[in-house]
Number of protein chains: 2
Amino acid sequence: MTEKATRLYPLPPLEIPADAIYEDLELSPTQRRDPSRPYVIINMVSSVDGKTAQEGKASPLGSQADRQSMRNLRSKADAVMVGASTVRAEKLSLGLDEAGQETQPLAVIVTGSGDVPLDKNLVVGERQEVLLVAPEGLTVRPGEHAILQLPAEQAGDIDLAEALKILRAEHAVDLLLVEGGPTLNYSLISDNLADELFLTLAPKLLGGAPDGALSIIKGPTQVARDVNLLTVHLASDELFLRYALS
Amino acid sequence: MTEKATRLYPLPPLEIPADAIYEDLELSPTQRRDPSRPYVIINMVSSVDGKTAQEGKASPLGSQADRQSMRNLRSKADAVMVGASTVRAEKLSLGLDEAGQETQPLAVIVTGSGDVPLDKNLVVGERQEVLLVAPEGLTVRPGEHAILQLPAEQAGDIDLAEALKILRAEHAVDLLLVEGGPTLNYSLISDNLADELFLTLAPKLLGGAPDGALSIIKGPTQVARDVNLLTVHLASDELFLRYALS
């Protein structure tokens with residue numbers, strides 16, 4: 001793997017080990033817009049042209065340095081959340097893979113349809129708990145896992161603002177890390193529930209058919225949100241960008 | 001406008017005026033993969049999530065520093081090429097807008113369908129020539145402009161490799177600047193005809209419906225090309241990335 005990374009911004013440049021990107025970050029901040037919900041950070045990897053999946057999967061996109069930066073963020077998070085489509089796309093873990101890990105973040109899966117192949121695709125670490133979030137009235141088979149069902153105005157709707165409040169109040173989630181997919185990102189950003197975006201820009205061009213190639217945000221309308229650049233790291237040709245959503 | 005920009009990479013950081021991004025660039029290089037065609041650079045502006053249009057138009061996306069960096073690239077180019085869909089999307093100029101400009105790049109419009117509202121949407125500078133590139137057999141009304149028609153295997157096909165050779169041999173185009181749209185970018189990249197990508201990452205999140213939100217590259221398959229990061233500039237929260245296509 002790349003041995004060194006450079007923090008390019010803010011200045012002055014700072015050389016660090018490539019596996020230390022985001023390691024020293026102090027999250028979550030004490031000052032917040034809304035202390036009744038967790039501080040919400042989204043972490044994604046995309047190609048330079050904004051595509052988040054290669055042949056349907058995110059896993060071929062990032063480098064080893066990207067995977068380590070993801071683990072560094074997970075190690076600070078009280079919970080890691082994904083949408084069910086991300087679980088359907090490929091086999092994944094939402095935990096920390098180091099042996100002897102004392103604590104694991106809560107794995108939170110959001111589903112509007114109930115179609116979540118947890119047994120097949122979710123690798124659950126020792127000492128890791130799993131919480132399924134679904135609308136009331138939906139028949140879900142959570143297996144051995146816990147489930148949080150919320151009132152829904154329409155079938156498939158999830159009241160994410162309410163879900164976040166419950167995560168804060170009942171599950172002590174102070175820092176929530178969201179890892180997609182694009183529909184969950186859209187809901188959080190358009191509902192003004194996301195505080196930061198961590199985006200790894202893998203040195204690839206992917207393209208693809210618009211209806212087949214996943215992007216960072218997918219929704220019926222454009223969200224049109226301004227963001228502020230906080231930090232830029234570089235490891236080999238891969239850029240690690242951290243933005244605040246204002 | 002932003003008064004200062006910083007070249008973050010390569011190190012050491014260098015402060016420059018915000019209107020000087022890419023001004024000192026030496027293009028095109030003497031060493032090339034294929035001297036029989038122009039050196040081809042693509043310049044695009046996108047949101048952080050890879051969308052190249054806000055409400056259907058590219059013009060709201062970039063800052064004044066981005067527009068000046070575009071002019072700096074145009075001032076080095078012998079020709080500026082866009083696809084017809086870019087001309088259909090909004091009113092635009094492919095020239096230099098400074099008064100008293102001695103030379104203007106050749107404006108090249110590529111159309112597979114012949115649907116190009118040149119009179120309505122293309123602002124042609126004084127001393128600027130326009131060349132329409134279209135498949136043979138297509139009825140096109142180029143108006144007062146020149147036209148280059150190329151043999152096509154299928155209706156709507158453009159042999160871009162041949163078009164580039166003719167631009168080099170008959171129009172003395174040594175540096176060709178391409179400004180989209182995504183379908184033209186796809187054709188050039190998948191045919192291995194693009195040498196560099198200049199991408200301005202505007203500090204916005206846009207998202208949108210997959211079939212409605214334009215991206216940098218649009219085509220039937222993924223191109224899956226590795227790129228190398230050459231330079232990173234920053235002006236306010238906007239990043240200017242230059243990549244070489246290997």
# chains A, B, ... in the order shown; residues from 1 in each chain; ligands from 1
>>> closest_atom_pairs(of="chain B", to="chain A", cutoff="7 Å", atoms="only C-alpha atoms", output="Markdown table")
| residue | atom | partner | partner_atom | distance |
| --- | --- | --- | --- | --- |
| B:Leu8 | CA | A:Leu8 | CA | 5.9 |
| B:Asp49 | CA | A:Gly50 | CA | 5.3 |
| B:Gly50 | CA | A:Gly50 | CA | 4.1 |
| B:Pro203 | CA | A:Val227 | CA | 5.2 |
| B:Lys204 | CA | A:Asp226 | CA | 4.4 |
| B:Leu205 | CA | A:Arg225 | CA | 5.0 |
| B:Leu206 | CA | A:Ala224 | CA | 4.5 |
| B:Gly207 | CA | A:Ile217 | CA | 4.7 |
| B:Gly208 | CA | A:Gln222 | CA | 4.2 |
| B:Ala209 | CA | A:Pro220 | CA | 5.1 |
| B:Pro210 | CA | A:Pro210 | CA | 5.3 |
| B:Asp211 | CA | A:Pro210 | CA | 5.4 |
| B:Ile216 | CA | A:Asp49 | CA | 5.7 |
| B:Ile217 | CA | A:Gly207 | CA | 4.7 |
| B:Lys218 | CA | A:Gly208 | CA | 5.5 |
| B:Gly219 | CA | A:Gly208 | CA | 5.1 |
| B:Pro220 | CA | A:Ala209 | CA | 5.1 |
| B:Thr221 | CA | A:Gly208 | CA | 4.8 |
| B:Gln222 | CA | A:Gly208 | CA | 4.2 |
| B:Val223 | CA | A:Leu206 | CA | 5.0 |
| B:Ala224 | CA | A:Leu206 | CA | 4.5 |
| B:Arg225 | CA | A:Leu205 | CA | 5.1 |
| B:Asp226 | CA | A:Lys204 | CA | 4.4 |
| B:Val227 | CA | A:Pro203 | CA | 5.2 |
| B:Asn228 | CA | A:Asp237 | CA | 5.9 |
| B:Leu229 | CA | A:Asp237 | CA | 5.3 |
| B:Asp237 | CA | A:Leu229 | CA | 5.3 |
>>> residues_around(residues="region 158-175 of chain B", least_positions_apart="6", cutoff="9 Å", atoms="only C-alpha atoms", output="PyMOL selection string")
chain B and resi 27-28+35-41+76-80+106+110-112+133-136+148-152+187-188+191+193
>>> write_last_selection(atoms="N, CA, C and O atoms", output="short mmCIF file (atom, residue, chain, number, x, y, z; two decimals), in the first residue's frame")
data_model
loop_
_atom_site.label_atom_id
_atom_site.label_comp_id
_atom_site.auth_asym_id
_atom_site.auth_seq_id
_atom_site.Cartn_x
_atom_site.Cartn_y
_atom_site.Cartn_z
N LEU B 27 1.17 23.89 -22.83
CA LEU B 27 0.42 22.89 -23.59
C LEU B 27 0.51 23.26 -25.07
O LEU B 27 0.53 24.44 -25.38
N SER B 28 0.55 22.28 -25.98
CA SER B 28 0.59 20.85 -25.71
C SER B 28 2.03 20.36 -25.58
O SER B 28 2.93 21.02 -26.08
N PRO B 35 1.16 11.67 -32.59
CA PRO B 35 1.35 13.01 -33.15
C PRO B 35 0.47 13.30 -34.36
O PRO B 35 0.41 14.45 -34.80
N SER B 36 -0.22 12.28 -34.87
CA SER B 36 -1.06 12.53 -36.06
C SER B 36 -2.40 13.14 -35.70
O SER B 36 -3.18 13.53 -36.58
N ARG B 37 -2.72 13.23 -34.42
CA ARG B 37 -3.96 13.90 -33.98
C ARG B 37 -3.59 14.99 -32.98
O ARG B 37 -2.48 15.00 -32.43
N PRO B 38 -4.51 15.92 -32.69
CA PRO B 38 -4.22 16.95 -31.69
C PRO B 38 -4.07 16.31 -30.30
O PRO B 38 -4.56 15.21 -30.04
N TYR B 39 -3.39 17.04 -29.42
CA TYR B 39 -3.39 16.70 -27.99
C TYR B 39 -4.76 17.12 -27.46
O TYR B 39 -5.19 18.26 -27.67
N VAL B 40 -5.47 16.20 -26.79
CA VAL B 40 -6.87 16.45 -26.45
C VAL B 40 -7.03 16.59 -24.94
O VAL B 40 -6.72 15.67 -24.18
N ILE B 41 -7.49 17.75 -24.51
CA ILE B 41 -7.79 17.96 -23.09
C ILE B 41 -9.29 18.23 -22.94
O ILE B 41 -9.90 18.90 -23.78
N LYS B 76 -5.00 28.86 -24.93
CA LYS B 76 -3.91 28.00 -25.40
C LYS B 76 -4.35 27.07 -26.51
O LYS B 76 -3.51 26.45 -27.19
N ALA B 77 -5.68 26.92 -26.68
CA ALA B 77 -6.20 25.90 -27.59
C ALA B 77 -6.33 26.44 -29.01
O ALA B 77 -6.66 27.61 -29.22
N ASP B 78 -6.07 25.56 -29.98
CA ASP B 78 -6.30 25.92 -31.38
C ASP B 78 -7.76 25.73 -31.76
O ASP B 78 -8.24 26.36 -32.70
N ALA B 79 -8.44 24.84 -31.04
CA ALA B 79 -9.86 24.63 -31.30
C ALA B 79 -10.55 24.23 -30.00
O ALA B 79 -9.94 23.61 -29.13
N VAL B 80 -11.82 24.63 -29.89
CA VAL B 80 -12.66 24.25 -28.76
C VAL B 80 -13.83 23.45 -29.30
O VAL B 80 -14.55 23.92 -30.19
N LEU B 106 -10.71 27.86 -33.15
CA LEU B 106 -11.76 27.33 -34.03
C LEU B 106 -12.84 26.70 -33.16
O LEU B 106 -12.54 25.93 -32.24
N VAL B 110 -19.82 18.97 -32.74
CA VAL B 110 -20.02 17.60 -33.23
C VAL B 110 -21.50 17.24 -33.11
O VAL B 110 -22.08 17.36 -32.04
N THR B 111 -22.09 16.80 -34.23
CA THR B 111 -23.50 16.43 -34.17
C THR B 111 -23.75 15.13 -34.92
O THR B 111 -23.27 14.95 -36.04
N GLY B 112 -24.46 14.23 -34.27
CA GLY B 112 -24.85 13.00 -34.95
C GLY B 112 -26.22 13.13 -35.58
O GLY B 112 -26.57 12.41 -36.51
N VAL B 133 -19.04 19.17 -37.41
CA VAL B 133 -18.62 17.82 -37.76
C VAL B 133 -19.84 16.91 -37.69
O VAL B 133 -20.52 16.86 -36.65
N ALA B 134 -20.14 16.22 -38.80
CA ALA B 134 -21.37 15.43 -38.88
C ALA B 134 -21.12 14.19 -39.73
O ALA B 134 -20.15 14.14 -40.49
N PRO B 135 -21.96 13.18 -39.57
CA PRO B 135 -21.80 11.99 -40.42
C PRO B 135 -22.22 12.28 -41.86
O PRO B 135 -23.09 13.13 -42.10
N GLU B 136 -21.60 11.58 -42.80
CA GLU B 136 -22.02 11.66 -44.19
C GLU B 136 -23.46 11.17 -44.31
O GLU B 136 -23.88 10.29 -43.58
N LEU B 148 -17.65 19.49 -41.93
CA LEU B 148 -16.81 18.33 -42.21
C LEU B 148 -17.69 17.11 -42.04
O LEU B 148 -18.18 16.85 -40.94
N GLN B 149 -17.94 16.40 -43.14
CA GLN B 149 -18.79 15.21 -43.05
C GLN B 149 -17.96 13.96 -43.25
O GLN B 149 -17.15 13.87 -44.18
N LEU B 150 -18.15 13.00 -42.36
CA LEU B 150 -17.30 11.81 -42.32
C LEU B 150 -18.13 10.56 -42.58
O LEU B 150 -19.30 10.50 -42.15
N PRO B 151 -17.54 9.57 -43.25
CA PRO B 151 -18.25 8.31 -43.46
C PRO B 151 -18.68 7.70 -42.13
O PRO B 151 -17.93 7.76 -41.14
N ALA B 152 -19.89 7.15 -42.08
CA ALA B 152 -20.41 6.58 -40.83
C ALA B 152 -20.87 5.16 -41.08
O ALA B 152 -21.52 4.88 -42.09
N SER B 187 -17.28 9.16 -25.76
CA SER B 187 -16.74 8.66 -27.03
C SER B 187 -15.24 8.85 -27.09
O SER B 187 -14.49 7.94 -27.48
N LEU B 188 -14.77 10.02 -26.70
CA LEU B 188 -13.32 10.30 -26.77
C LEU B 188 -12.55 9.40 -25.80
O LEU B 188 -11.51 8.84 -26.15
N ASP B 191 -12.65 5.68 -26.81
CA ASP B 191 -11.82 5.45 -28.01
C ASP B 191 -10.34 5.77 -27.76
O ASP B 191 -9.55 5.78 -28.70
N LEU B 193 -8.89 8.60 -27.02
CA LEU B 193 -8.49 9.80 -27.74
C LEU B 193 -8.33 11.01 -26.82
O LEU B 193 -8.07 12.11 -27.30
#
>>> atom_distance(atom1="CA of Gly114 (chain B)", atom2="CA of Val140 (chain B)")
5.3 Å
>>> residues_around(residues="Leu118 (chain B)", least_positions_apart="5", cutoff="12 Å", atoms="only C-alpha atoms", output="PyMOL selection string")
chain B and resi 83-94+107-111+123-124+130-132+140-145
>>> select_by_dssp(residues="region 5-227 of chain A", states="strand (DSSP E)", output="VMD selection string")
chain A and resid 5 to 9 14 to 17 39 to 47 79 to 83 92 to 93 106 to 110 122 to 123 130 to 135 146 to 150 175 to 178 196 to 202 204 to 205 225 to 227
>>> closest_residue(among="B:Arg32, B:Pro117, B:Glu126, B:Met70", to="Val178 (chain B)", atoms="only C-alpha atoms")
B:Met70
>>> atom_distance(atom1="CA of Glu3 (chain A)", atom2="CA of Ser75 (chain A)")
21.0 Å
>>> select_by_dssp(residues="region 71-208 of chain A", states="helix (DSSP H, G or I)", output="number ranges by chain")
A: 71-76, 84-89, 118-121, 160-171, 182-190
>>> closest_residue(among="A:Asp97, A:Arg71, A:Glu196, A:Gln128", to="Thr231 (chain A)", atoms="only C-alpha atoms")
A:Glu196
>>> closest_residue(among="B:Ala65, B:Ile42, B:Ala58, B:Leu122", to="Ala20 (chain B)", atoms="only C-alpha atoms")
B:Ala65
>>> atom_distance(atom1="CA of Leu61 (chain A)", atom2="CA of Val45 (chain A)")
6.9 Å
